[in-house]
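Here is target.cif, consisting of mmCIF, C-alpha atoms:
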```cif
data_data
loop_
_atom_site.group_PDB
_atom_site.id
_atom_site.type_symbol
_atom_site.label_atom_id
_atom_site.label_comp_id
_atom_site.auth_asym_id
_atom_site.auth_seq_id
_atom_site.Cartn_x
_atom_site.Cartn_y
_atom_site.Cartn_z
ATOM 1 C CA MET Z 22 0.000 0.000 0.000
ATOM 2 C CA GLU Z 23 1.195 3.528 -0.692
ATOM 3 C CA THR Z 24 2.430 5.668 2.179
ATOM 4 C CA LEU Z 25 1.336 9.041 0.772
ATOM 5 C CA THR Z 26 0.013 11.388 3.449
ATOM 6 C CA ASN Z 27 -2.887 12.485 1.245
ATOM 7 C CA TYR Z 28 -3.584 9.326 -0.696
ATOM 8 C CA TRP Z 29 -6.856 10.834 -1.949
ATOM 9 C CA GLU Z 30 -5.098 13.630 -3.881
ATOM 10 C CA CYS Z 31 -3.996 13.527 -7.504
ATOM 11 C CA ASP Z 32 -0.924 15.643 -8.261
ATOM 12 C CA LEU Z 33 -0.028 14.664 -11.835
ATOM 13 C CA ASN Z 34 1.076 17.651 -13.899
ATOM 14 C CA ALA Z 35 -0.111 15.943 -17.097
ATOM 15 C CA ILE Z 36 -3.753 16.415 -16.064
ATOM 16 C CA PRO Z 37 -5.334 19.891 -16.513
ATOM 17 C CA GLU Z 38 -5.769 21.789 -13.251
ATOM 18 C CA ASN Z 39 -9.560 22.060 -13.610
ATOM 19 C CA THR Z 40 -9.957 18.328 -14.177
ATOM 20 C CA LYS Z 41 -7.478 17.573 -11.395
ATOM 21 C CA SER Z 42 -9.495 19.726 -8.993
ATOM 22 C CA ILE Z 43 -12.679 17.775 -9.814
ATOM 23 C CA ILE Z 44 -10.854 14.450 -9.396
ATOM 24 C CA ASN Z 45 -9.577 15.519 -5.978
ATOM 25 C CA GLU Z 46 -13.037 16.677 -4.941
ATOM 26 C CA TYR Z 47 -14.424 13.259 -5.941
ATOM 27 C CA LEU Z 48 -11.666 11.332 -4.148
ATOM 28 C CA LEU Z 49 -12.112 13.398 -0.997
ATOM 29 C CA THR Z 50 -15.826 12.569 -1.122
ATOM 30 C CA LEU Z 51 -14.969 8.858 -1.213
ATOM 31 C CA LYS Z 52 -12.679 9.285 1.784
ATOM 32 C CA LEU Z 53 -15.351 11.145 3.748
ATOM 33 C CA MET Z 54 -17.780 8.333 2.912
ATOM 34 C CA ASN Z 55 -15.318 5.967 4.650
ATOM 35 C CA TYR Z 56 -14.247 4.109 1.533
ATOM 36 C CA ALA Z 57 -11.222 1.916 2.242
ATOM 37 C CA GLU Z 58 -7.842 3.534 1.598
ATOM 38 C CA THR Z 59 -7.016 0.808 -0.920
ATOM 39 C CA THR Z 60 -10.227 1.547 -2.842
ATOM 40 C CA VAL Z 61 -9.574 5.299 -2.965
ATOM 41 C CA ILE Z 62 -6.013 4.722 -4.185
ATOM 42 C CA LYS Z 63 -7.230 2.261 -6.809
ATOM 43 C CA TYR Z 64 -9.844 4.721 -8.116
ATOM 44 C CA ARG Z 65 -7.268 7.520 -8.123
ATOM 45 C CA LYS Z 66 -4.845 5.499 -10.236
ATOM 46 C CA ILE Z 67 -7.601 4.554 -12.693
ATOM 47 C CA LEU Z 68 -8.646 8.199 -13.114
ATOM 48 C CA GLU Z 69 -5.024 9.324 -13.436
ATOM 49 C CA ARG Z 70 -4.400 6.854 -16.229
ATOM 50 C CA PHE Z 71 -7.656 7.678 -17.990
ATOM 51 C CA PHE Z 72 -7.146 11.448 -18.007
ATOM 52 C CA THR Z 73 -3.447 11.124 -18.855
ATOM 53 C CA GLU Z 74 -4.127 8.982 -21.938
ATOM 54 C CA CYS Z 75 -7.495 10.496 -22.946
ATOM 55 C CA THR Z 76 -6.519 14.143 -23.296
ATOM 56 C CA VAL Z 77 -9.926 15.577 -24.276
ATOM 57 C CA PRO Z 78 -11.017 18.157 -21.652
ATOM 58 C CA LEU Z 79 -13.686 16.804 -19.282
ATOM 59 C CA ASP Z 80 -16.315 19.394 -20.268
ATOM 60 C CA GLU Z 81 -15.807 18.526 -23.954
ATOM 61 C CA MET Z 82 -15.496 14.757 -23.616
ATOM 62 C CA THR Z 83 -18.080 12.482 -25.274
ATOM 63 C CA SER Z 84 -18.991 8.840 -24.908
ATOM 64 C CA ASN Z 85 -17.140 8.131 -28.148
ATOM 65 C CA ASP Z 86 -13.925 9.527 -26.642
ATOM 66 C CA ALA Z 87 -14.284 7.350 -23.558
ATOM 67 C CA ARG Z 88 -15.242 4.298 -25.611
ATOM 68 C CA GLU Z 89 -12.225 4.776 -27.897
ATOM 69 C CA TRP Z 90 -9.880 4.859 -24.896
ATOM 70 C CA LEU Z 91 -11.582 1.850 -23.316
ATOM 71 C CA THR Z 92 -11.267 -0.197 -26.517
ATOM 72 C CA ALA Z 93 -7.520 0.411 -26.628
ATOM 73 C CA PHE Z 94 -7.142 -0.210 -22.897
ATOM 74 C CA ALA Z 95 -9.169 -3.454 -22.892
ATOM 75 C CA SER Z 96 -7.317 -5.121 -25.772
ATOM 76 C CA ASP Z 97 -5.143 -7.239 -23.465
ATOM 77 C CA LYS Z 98 -7.125 -7.048 -20.206
ATOM 78 C CA LYS Z 99 -9.275 -9.607 -18.432
ATOM 79 C CA PRO Z 100 -13.039 -8.970 -18.007
ATOM 80 C CA GLY Z 101 -12.583 -8.463 -14.258
ATOM 81 C CA THR Z 102 -10.023 -5.703 -14.803
ATOM 82 C CA ILE Z 103 -12.196 -3.991 -17.413
ATOM 83 C CA ARG Z 104 -15.191 -4.144 -15.100
ATOM 84 C CA GLN Z 105 -13.152 -2.664 -12.253
ATOM 85 C CA VAL Z 106 -12.019 0.271 -14.412
ATOM 86 C CA LEU Z 107 -15.520 0.899 -15.751
ATOM 87 C CA THR Z 108 -16.964 0.832 -12.232
ATOM 88 C CA ALA Z 109 -14.541 3.557 -11.147
ATOM 89 C CA LEU Z 110 -15.173 5.680 -14.239
ATOM 90 C CA THR Z 111 -18.943 5.285 -13.951
ATOM 91 C CA SER Z 112 -18.830 6.335 -10.311
ATOM 92 C CA PHE Z 113 -16.748 9.409 -11.189
ATOM 93 C CA CYS Z 114 -19.058 10.388 -14.064
ATOM 94 C CA GLN Z 115 -22.107 10.060 -11.817
ATOM 95 C CA PHE Z 116 -20.438 12.383 -9.310
ATOM 96 C CA CYS Z 117 -19.620 14.902 -12.058
ATOM 97 C CA LYS Z 118 -23.192 14.778 -13.354
ATOM 98 C CA ASP Z 119 -24.664 15.255 -9.868
ATOM 99 C CA GLU Z 120 -22.355 18.221 -9.241
ATOM 100 C CA GLY Z 121 -23.118 19.809 -12.625
ATOM 101 C CA TYR Z 122 -19.657 19.406 -14.126
ATOM 102 C CA ILE Z 123 -21.026 17.399 -17.080
ATOM 103 C CA ASN Z 124 -24.487 17.207 -18.627
ATOM 104 C CA GLY Z 125 -24.787 13.456 -19.115
ATOM 105 C CA MET Z 126 -23.085 10.143 -18.434
ATOM 106 C CA ILE Z 127 -19.935 9.819 -20.531
ATOM 107 C CA VAL Z 128 -19.325 6.217 -19.458
ATOM 108 C CA LYS Z 129 -22.292 3.849 -19.752
ATOM 109 C CA LYS Z 130 -23.127 1.119 -17.263
ATOM 110 C CA TYR Z 131 -24.152 -1.271 -20.026
ATOM 111 C CA TRP Z 132 -20.519 -1.312 -21.195
ATOM 112 C CA LEU Z 133 -19.699 -3.518 -18.201
ATOM 113 C CA PRO Z 134 -18.616 -6.966 -19.459
ATOM 114 C CA ARG Z 135 -20.248 -10.088 -18.106
ATOM 115 C CA LEU Z 136 -17.992 -12.068 -15.855
ATOM 116 C CA PRO Z 137 -17.727 -15.866 -16.122
ATOM 117 C CA GLU Z 138 -19.200 -17.941 -13.322
ATOM 118 C CA PRO Z 139 -16.597 -18.015 -10.525
ATOM 119 C CA ILE Z 140 -14.867 -21.280 -9.709
ATOM 120 C CA PRO Z 141 -15.579 -22.354 -6.104
ATOM 121 C CA ASP Z 142 -12.715 -20.999 -3.997
ATOM 122 C CA TYR Z 143 -12.487 -23.129 -0.877
ATOM 123 C CA LEU Z 144 -10.511 -26.046 0.563
ATOM 124 C CA ASN Z 145 -11.780 -29.599 0.739
ATOM 125 C CA VAL Z 146 -11.418 -31.615 3.938
ATOM 126 C CA GLN Z 147 -8.008 -33.034 3.034
ATOM 127 C CA GLU Z 148 -6.606 -29.643 1.978
ATOM 128 C CA TYR Z 149 -7.968 -28.009 5.131
ATOM 129 C CA ALA Z 150 -6.195 -30.640 7.259
ATOM 130 C CA ARG Z 151 -2.912 -30.002 5.411
ATOM 131 C CA VAL Z 152 -3.181 -26.266 6.000
ATOM 132 C CA LYS Z 153 -3.895 -26.786 9.706
ATOM 133 C CA GLN Z 154 -0.912 -29.122 9.992
ATOM 134 C CA ALA Z 155 1.361 -26.615 8.242
ATOM 135 C CA ALA Z 156 0.085 -23.831 10.519
ATOM 136 C CA ASP Z 157 1.080 -25.843 13.614
ATOM 137 C CA ALA Z 158 4.733 -25.401 12.626
ATOM 138 C CA LEU Z 159 4.527 -21.592 12.457
ATOM 139 C CA PRO Z 160 5.843 -19.230 15.156
ATOM 140 C CA LEU Z 161 3.198 -18.302 17.711
ATOM 141 C CA PRO Z 162 2.322 -14.828 16.281
ATOM 142 C CA GLU Z 163 1.797 -16.178 12.753
ATOM 143 C CA ARG Z 164 0.011 -19.299 13.974
ATOM 144 C CA SER Z 165 -2.368 -17.178 16.077
ATOM 145 C CA LEU Z 166 -3.269 -15.076 13.053
ATOM 146 C CA ILE Z 167 -3.804 -18.047 10.732
ATOM 147 C CA VAL Z 168 -5.955 -19.925 13.255
ATOM 148 C CA PHE Z 169 -7.990 -16.752 13.833
ATOM 149 C CA LEU Z 170 -8.420 -16.394 10.071
ATOM 150 C CA LEU Z 171 -9.584 -20.011 9.693
ATOM 151 C CA SER Z 172 -11.743 -19.886 12.819
ATOM 152 C CA SER Z 173 -13.504 -16.540 12.382
ATOM 153 C CA GLY Z 174 -13.943 -16.296 8.617
ATOM 154 C CA CYS Z 175 -12.760 -12.665 8.698
ATOM 155 C CA ARG Z 176 -11.457 -10.730 5.727
ATOM 156 C CA GLY Z 177 -7.825 -9.684 5.630
ATOM 157 C CA LEU Z 178 -8.725 -6.002 6.069
ATOM 158 C CA GLU Z 179 -10.886 -6.792 9.099
ATOM 159 C CA ILE Z 180 -8.028 -8.695 10.753
ATOM 160 C CA SER Z 181 -5.614 -5.867 9.975
ATOM 161 C CA ASN Z 182 -7.945 -3.357 11.669
ATOM 162 C CA LEU Z 183 -8.310 -5.375 14.891
ATOM 163 C CA ASN Z 184 -7.022 -3.966 18.173
ATOM 164 C CA ILE Z 185 -6.439 -5.956 21.356
ATOM 165 C CA GLY Z 186 -9.440 -4.266 22.975
ATOM 166 C CA ASP Z 187 -11.743 -5.573 20.238
ATOM 167 C CA VAL Z 188 -11.385 -9.160 21.499
ATOM 168 C CA ASN Z 189 -13.684 -10.605 24.177
ATOM 169 C CA PHE Z 190 -12.187 -13.805 25.602
ATOM 170 C CA GLU Z 191 -15.143 -14.478 27.901
ATOM 171 C CA GLN Z 192 -17.439 -15.054 24.926
ATOM 172 C CA ASN Z 193 -14.799 -15.771 22.258
ATOM 173 C CA ILE Z 194 -16.021 -12.975 20.015
ATOM 174 C CA ALA Z 195 -14.315 -10.046 18.316
ATOM 175 C CA GLU Z 196 -15.698 -6.768 17.015
ATOM 176 C CA VAL Z 197 -14.274 -6.323 13.523
ATOM 177 C CA LYS Z 198 -14.303 -3.277 11.262
ATOM 178 C CA GLY Z 199 -14.146 -3.597 7.490
ATOM 179 C CA ASN Z 200 -14.851 -1.382 4.483
ATOM 180 C CA ARG Z 201 -16.431 1.991 5.269
ATOM 181 C CA ASN Z 202 -15.883 1.290 8.995
ATOM 182 C CA ARG Z 203 -18.809 -1.115 9.109
ATOM 183 C CA LYS Z 204 -18.687 -3.175 12.306
ATOM 184 C CA ARG Z 205 -19.818 -6.710 13.033
ATOM 185 C CA TYR Z 206 -19.125 -9.457 15.568
ATOM 186 C CA VAL Z 207 -17.418 -12.765 14.779
ATOM 187 C CA ARG Z 208 -16.809 -15.862 16.854
ATOM 188 C CA PHE Z 209 -13.558 -17.771 17.124
ATOM 189 C CA SER Z 210 -12.715 -21.220 18.456
ATOM 190 C CA GLU Z 211 -11.381 -22.297 21.855
ATOM 191 C CA GLU Z 212 -8.122 -23.283 20.152
ATOM 192 C CA CYS Z 213 -7.851 -19.777 18.735
ATOM 193 C CA ALA Z 214 -8.621 -18.211 22.127
ATOM 194 C CA SER Z 215 -5.866 -20.251 23.795
ATOM 195 C CA LEU Z 216 -3.319 -19.253 21.145
ATOM 196 C CA LEU Z 217 -4.275 -15.584 21.336
ATOM 197 C CA GLU Z 218 -4.054 -15.522 25.128
ATOM 198 C CA GLU Z 219 -0.619 -17.144 25.002
ATOM 199 C CA TYR Z 220 0.488 -14.724 22.276
ATOM 200 C CA LEU Z 221 -0.761 -11.654 24.161
ATOM 201 C CA LYS Z 222 1.347 -12.624 27.187
ATOM 202 C CA THR Z 223 4.314 -11.444 25.096
ATOM 203 C CA ARG Z 224 2.654 -8.076 24.422
ATOM 204 C CA SER Z 225 2.031 -5.004 26.574
ATOM 205 C CA GLY Z 226 -1.704 -5.672 26.766
ATOM 206 C CA ASP Z 227 -2.628 -2.090 25.807
ATOM 207 C CA ALA Z 228 -6.180 -2.314 24.451
ATOM 208 C CA SER Z 229 -5.461 0.308 21.772
ATOM 209 C CA GLU Z 230 -2.551 -1.662 20.262
ATOM 210 C CA PRO Z 231 -3.034 -3.694 17.056
ATOM 211 C CA LEU Z 232 -3.905 -7.315 17.749
ATOM 212 C CA PHE Z 233 -1.521 -8.631 15.088
ATOM 213 C CA LEU Z 234 1.877 -7.143 14.261
ATOM 214 C CA ASN Z 235 4.275 -7.583 11.365
ATOM 215 C CA THR Z 236 7.953 -8.433 11.727
ATOM 216 C CA LEU Z 237 8.740 -4.730 12.284
ATOM 217 C CA GLY Z 238 6.407 -4.536 15.271
ATOM 218 C CA LYS Z 239 3.806 -2.460 13.427
ATOM 219 C CA ARG Z 240 0.184 -3.222 12.507
ATOM 220 C CA ILE Z 241 0.113 -5.955 9.899
ATOM 221 C CA ARG Z 242 -1.456 -4.800 6.630
ATOM 222 C CA PRO Z 243 -3.796 -6.805 4.372
ATOM 223 C CA GLN Z 244 -0.917 -7.405 1.933
ATOM 224 C CA GLY Z 245 1.123 -8.910 4.759
ATOM 225 C CA ILE Z 246 -1.729 -11.283 5.633
ATOM 226 C CA TYR Z 247 -2.058 -12.210 1.960
ATOM 227 C CA ASP Z 248 1.667 -12.978 1.713
ATOM 228 C CA MET Z 249 1.522 -15.046 4.902
ATOM 229 C CA THR Z 250 -1.325 -17.230 3.623
ATOM 230 C CA LYS Z 251 0.351 -17.680 0.224
ATOM 231 C CA LYS Z 252 3.525 -18.875 1.958
ATOM 232 C CA LEU Z 253 1.478 -21.194 4.188
ATOM 233 C CA GLY Z 254 -0.212 -22.671 1.124
ATOM 234 C CA TYR Z 255 3.190 -23.289 -0.449
ATOM 235 C CA ASN Z 256 4.345 -25.092 2.714
ATOM 236 C CA ALA Z 257 1.170 -27.197 2.638
ATOM 237 C CA GLY Z 258 1.680 -28.090 -1.034
ATOM 238 C CA LEU Z 259 -1.282 -26.002 -2.229
ATOM 239 C CA LYS Z 260 -1.589 -23.324 -4.898
ATOM 240 C CA GLY Z 261 -3.808 -20.306 -4.534
ATOM 241 C CA LEU Z 262 -4.290 -20.225 -0.767
ATOM 242 C CA THR Z 263 -5.465 -16.697 0.073
ATOM 243 C CA PRO Z 264 -7.353 -15.013 2.938
ATOM 244 C CA ARG Z 265 -10.462 -15.125 0.751
ATOM 245 C CA CYS Z 266 -10.053 -18.876 0.246
ATOM 246 C CA CYS Z 267 -9.714 -19.333 4.027
ATOM 247 C CA ARG Z 268 -12.813 -17.209 4.622
ATOM 248 C CA ASN Z 269 -14.859 -19.141 2.052
ATOM 249 C CA THR Z 270 -13.734 -22.437 3.563
ATOM 250 C CA THR Z 271 -14.765 -21.359 7.065
ATOM 251 C CA LEU Z 272 -18.184 -20.156 5.902
ATOM 252 C CA ARG Z 273 -18.752 -23.317 3.880
ATOM 253 C CA LEU Z 274 -17.891 -25.571 6.827
ATOM 254 C CA ARG Z 275 -20.228 -23.624 9.102
ATOM 255 C CA VAL Z 276 -23.108 -23.832 6.639
ATOM 256 C CA GLU Z 277 -22.558 -27.551 6.177
ATOM 257 C CA GLU Z 278 -22.418 -28.118 9.932
ATOM 258 C CA LEU Z 279 -25.623 -26.156 10.480
ATOM 259 C CA LEU Z 280 -27.501 -27.942 7.712
ATOM 260 C CA ASN Z 281 -26.258 -31.383 8.750
ATOM 261 C CA LEU Z 282 -27.541 -30.754 12.254
ATOM 262 C CA ASN Z 283 -30.979 -30.304 10.702
ATOM 263 C CA GLY Z 284 -30.743 -33.550 8.761
ATOM 264 C CA PHE Z 285 -30.098 -32.011 5.342
ATOM 265 C CA LYS Z 286 -28.100 -33.607 2.572
ATOM 266 C CA THR Z 287 -25.381 -31.001 2.045
ATOM 267 C CA SER Z 288 -22.841 -32.357 -0.426
ATOM 268 C CA ASN Z 289 -22.588 -34.081 -3.769
ATOM 269 C CA GLN Z 290 -19.944 -36.623 -4.711
ATOM 270 C CA ASP Z 291 -17.788 -33.832 -6.117
ATOM 271 C CA GLY Z 292 -17.824 -32.036 -2.770
ATOM 272 C CA THR Z 293 -20.006 -29.093 -3.786
ATOM 273 C CA LEU Z 294 -22.518 -27.755 -1.306
ATOM 274 C CA TYR Z 295 -26.015 -29.000 -2.009
ATOM 275 C CA VAL Z 296 -29.376 -28.598 -0.312
ATOM 276 C CA SER Z 297 -32.487 -30.055 -1.933
ATOM 277 C CA LYS Z 298 -35.632 -27.976 -2.443
ATOM 278 C CA ALA Z 299 -37.572 -30.589 -0.490
ATOM 279 C CA ASP Z 300 -35.284 -30.094 2.522
ATOM 280 C CA LEU Z 301 -35.621 -26.329 2.268
ATOM 281 C CA LYS Z 302 -39.404 -26.512 2.062
ATOM 282 C CA ARG Z 303 -39.558 -28.977 4.963
ATOM 283 C CA SER Z 304 -37.397 -26.717 7.120
ATOM 284 C CA GLY Z 305 -39.497 -23.648 6.405
ATOM 285 C CA PHE Z 306 -36.905 -21.811 4.300
ATOM 286 C CA GLU Z 307 -38.356 -19.395 1.768
ATOM 287 C CA LEU Z 308 -37.288 -20.304 -1.765
ATOM 288 C CA ILE Z 309 -36.079 -17.367 -3.829
ATOM 289 C CA SER Z 310 -35.983 -17.842 -7.585
#
```
Final structure tokens representation of the file:
Amino acid sequence: METLTNYWECDLNAIPENTKSIINEYLLTLKLMNYAETTVIKYRKILERFFTECTVPLDEMTSNDAREWLTAFASDKKPGTIRQVLTALTSFCQFCKDEGYINGMIVKKYWLPRLPEPIPDYLNVQEYARVKQAADALPLPERSLIVFLLSSGCRGLEISNLNIGDVNFEQNIAEVKGNRNRKRYVRFSEECASLLEEYLKTRSGDASEPLFLNTLGKRIRPQGIYDMTKKLGYNAGLKGLTPRCCRNTTLRLRVEELLNLNGFKTSNQDGTLYVSKADLKRSGFELIS
């Protein structure tokens, strides 16, 4: 992540001052709406590239100008990347329209490409066991984080934002804060609680301190958590282990456990989650088509 003091400000000389002022007003609005720092930086970089390469002044720009740039940009990009760029540009154009800087939408929502159906991103039982075994060999700080990740189903950003005071060991719950400072409560296992308590014996215990630190003794960032899980996956002989994969695995296991307790058939031979309509109807679930 960048370390700029004002990460929401664009300072490229290649962009006209008037356009740059509007971009900075938009980015500041995102910050004040509690958008994540990573999101604001990502949108800033997209806008900087767009207005550096598409040199038509904003008040004179047409949909054809934007479409011409997008066609050149998208020639070697994946649908997910194109969709991400279009989402940022659409959001910026909507802001400009609402504020009266442009008369109509320059970038159209219907330009968004359809994404292919995502491949299930979770571990099977054998892979989960290998990851747990590999985690047992980690130093206590890293092991505590990984077990918390697998136990709570938190996102990397939520774990990064945790302070010691956010953890309640009496009930084994933590108050986590994610995008836009939205808060929620998550539960973690007894194993995780034991590891955290042992780990915190080596810390000052100040409730305002970060719960998890990096090797420099500072708050671990989402990228650091990502790198840690990738390395753990490598040690376990797995490719593509990420915090998102760990989160999906935790949620899947919890859903399966809950449904199995109610006598549902929850898996096919290929390991995919399955619940029959008959089981849903019998349990009183409302079917949504």
Place a sphere of radius 6 Å on (-16.1, 3.3, 1.9) in the file coordinates and name every protein, DNA or RNA residue with an atom inside or on its surface, counting all atoms listed in the file; give the answer as a PyMOL selection string.
-> chain Z and resi 54-57+200-201
For Arg104 in chain Z, please output as a ChimeraX atom specification all residues within 12 Å (counting all atoms listed in the file; exclusion window: fewer than 6 positions along the same chain).
-> /Z:67,91,94-95,98,110-111,128-136
Quote the spacing between CA of Glu196 in chain Z and CA of Leu183 in chain Z in Å to one decimal place.
-> 7.8 Å
In terms of the shortest atom-to-atom distance over all atoms listed in the file, which of Z:Phe190, Z:Phe72, Z:Tyr220, Z:Tyr47 is closest to Cys117 in chain Z?
->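 Ranked by minimum distance to Cys117 in chain Z, first place goes to Z:Tyr47.
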Point (-2.4, 6.2, -13.8) neighbourhood (12 Å, only C-alpha atoms) written as a short mmCIF file (atom, residue, chain, number, x, y, z; two decimals) with C-alpha atoms, in the coordinates of the input:
```
data_model
loop_
_atom_site.label_atom_id
_atom_site.label_comp_id
_atom_site.auth_asym_id
_atom_site.auth_seq_id
_atom_site.Cartn_x
_atom_site.Cartn_y
_atom_site.Cartn_z
CA CYS Z 31 -4.00 13.53 -7.50
CA ASP Z 32 -0.92 15.64 -8.26
CA LEU Z 33 -0.03 14.66 -11.84
CA ASN Z 34 1.08 17.65 -13.90
CA ALA Z 35 -0.11 15.94 -17.10
CA ILE Z 36 -3.75 16.42 -16.06
CA ILE Z 62 -6.01 4.72 -4.18
CA LYS Z 63 -7.23 2.26 -6.81
CA TYR Z 64 -9.84 4.72 -8.12
CA ARG Z 65 -7.27 7.52 -8.12
CA LYS Z 66 -4.84 5.50 -10.24
CA ILE Z 67 -7.60 4.55 -12.69
CA LEU Z 68 -8.65 8.20 -13.11
CA GLU Z 69 -5.02 9.32 -13.44
CA ARG Z 70 -4.40 6.85 -16.23
CA PHE Z 71 -7.66 7.68 -17.99
CA PHE Z 72 -7.15 11.45 -18.01
CA THR Z 73 -3.45 11.12 -18.86
CA GLU Z 74 -4.13 8.98 -21.94
CA CYS Z 75 -7.50 10.50 -22.95
CA VAL Z 106 -12.02 0.27 -14.41
#
```
Convert the output of the PyMOL selection byres ((chain Z and resi 233-245) around 6) on the shown file into explicit residues, formatted as a list in words.
->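 So the PyMOL selection byres ((chain Z and resi 233-245) around 6) ends up selecting Gly177, Leu178, Ser181, Pro231, Leu232, Ile246, Tyr247 and Asp248 of chain Z.
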May I have the residues from that selection written out with C-alpha atoms, as a compact mmCIF listing (two decimals), in the coordinates of the input?
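out_15.txt was written with the following content:
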```
# COMPACT_ATOMS: atom_id res chain seq x y z
CA GLY Z 177 -7.82 -9.68 5.63
CA LEU Z 178 -8.72 -6.00 6.07
CA SER Z 181 -5.61 -5.87 9.98
CA PRO Z 231 -3.03 -3.69 17.06
CA LEU Z 232 -3.90 -7.32 17.75
CA ILE Z 246 -1.73 -11.28 5.63
CA TYR Z 247 -2.06 -12.21 1.96
CA ASP Z 248 1.67 -12.98 1.71
```
One decimal place gives the CA of Asn39 in chain Z-CA of Ile103 in chain Z separation as 26.5 Å
I would like the residues chosen by the PyMOL selection byres ((chain Z and resi 43) around 10) on the shown file; could you give them as a VMD selection string?
-> chain Z and resid 31 38 to 42 44 to 49 79 113 116 to 117 120 122
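Ranking Z:Cys175, Z:Met82, Z:Val168, Z:Leu274 by their shortest atom-to-atom distance to Ile127 in chain Z, with only C-alpha atoms included, puts Z:Met82 first.
The two atoms in question, CA of Pro37 in chain Z and CA of Thr59 in chain Z, are spaced 24.7 Å apart.
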Could you work out an axis-aligned box for range 67-74 of chain Z, taking every atom the file lists and adding 6 Å on each side, and report centre and edge lengths in Å to one decimal, as AutoDock Vina command-line options?
```
--center_x -6.0 --center_y 8.0 --center_z -17.3 --size_x 17.2 --size_y 18.9 --size_z 21.2
```
Pick the closest to Cys213 in chain Z from Z:Asp157, Z:Glu179, Z:Glu30, Z:Glu89: which is it, counting all atoms listed in the file?
->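 Among the listed residues, Z:Asp157 lies closest to Cys213 in chain Z.
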Just so I have it separately, write range 157-161 of chain Z from the block I sent, keeping all heavy atoms, as a short mmCIF file (atom, residue, chain, number, x, y, z; two decimals), in the first residue's frame.
```cif
data_model
loop_
_atom_site.label_atom_id
_atom_site.label_comp_id
_atom_site.auth_asym_id
_atom_site.auth_seq_id
_atom_site.Cartn_x
_atom_site.Cartn_y
_atom_site.Cartn_z
N ASP Z 157 0.57 -25.44 12.30
CA ASP Z 157 1.08 -25.84 13.61
C ASP Z 157 2.58 -25.62 13.74
O ASP Z 157 3.10 -25.51 14.85
CB ASP Z 157 0.76 -27.32 13.87
CG ASP Z 157 -0.73 -27.56 14.11
OD1 ASP Z 157 -1.43 -26.58 14.41
OD2 ASP Z 157 -1.18 -28.71 13.98
N ALA Z 158 3.28 -25.57 12.60
CA ALA Z 158 4.73 -25.40 12.63
C ALA Z 158 5.16 -23.93 12.61
O ALA Z 158 6.35 -23.63 12.69
CB ALA Z 158 5.36 -26.13 11.43
N LEU Z 159 4.20 -23.02 12.53
CA LEU Z 159 4.53 -21.59 12.46
C LEU Z 159 4.87 -21.04 13.83
O LEU Z 159 4.43 -21.57 14.86
CB LEU Z 159 3.33 -20.81 11.89
CG LEU Z 159 2.94 -21.08 10.44
CD1 LEU Z 159 1.65 -20.32 10.11
CD2 LEU Z 159 4.05 -20.67 9.49
N PRO Z 160 5.64 -19.93 13.88
CA PRO Z 160 5.84 -19.23 15.16
C PRO Z 160 4.50 -18.78 15.73
O PRO Z 160 3.53 -18.60 14.99
CB PRO Z 160 6.71 -18.04 14.76
CG PRO Z 160 7.36 -18.43 13.47
CD PRO Z 160 6.38 -19.32 12.77
N LEU Z 161 4.46 -18.60 17.03
CA LEU Z 161 3.20 -18.30 17.71
C LEU Z 161 2.45 -17.11 17.13
O LEU Z 161 1.23 -17.20 16.92
CB LEU Z 161 3.47 -18.08 19.21
CG LEU Z 161 2.23 -17.77 20.07
CD1 LEU Z 161 1.22 -18.90 19.99
CD2 LEU Z 161 2.66 -17.53 21.52
#
```
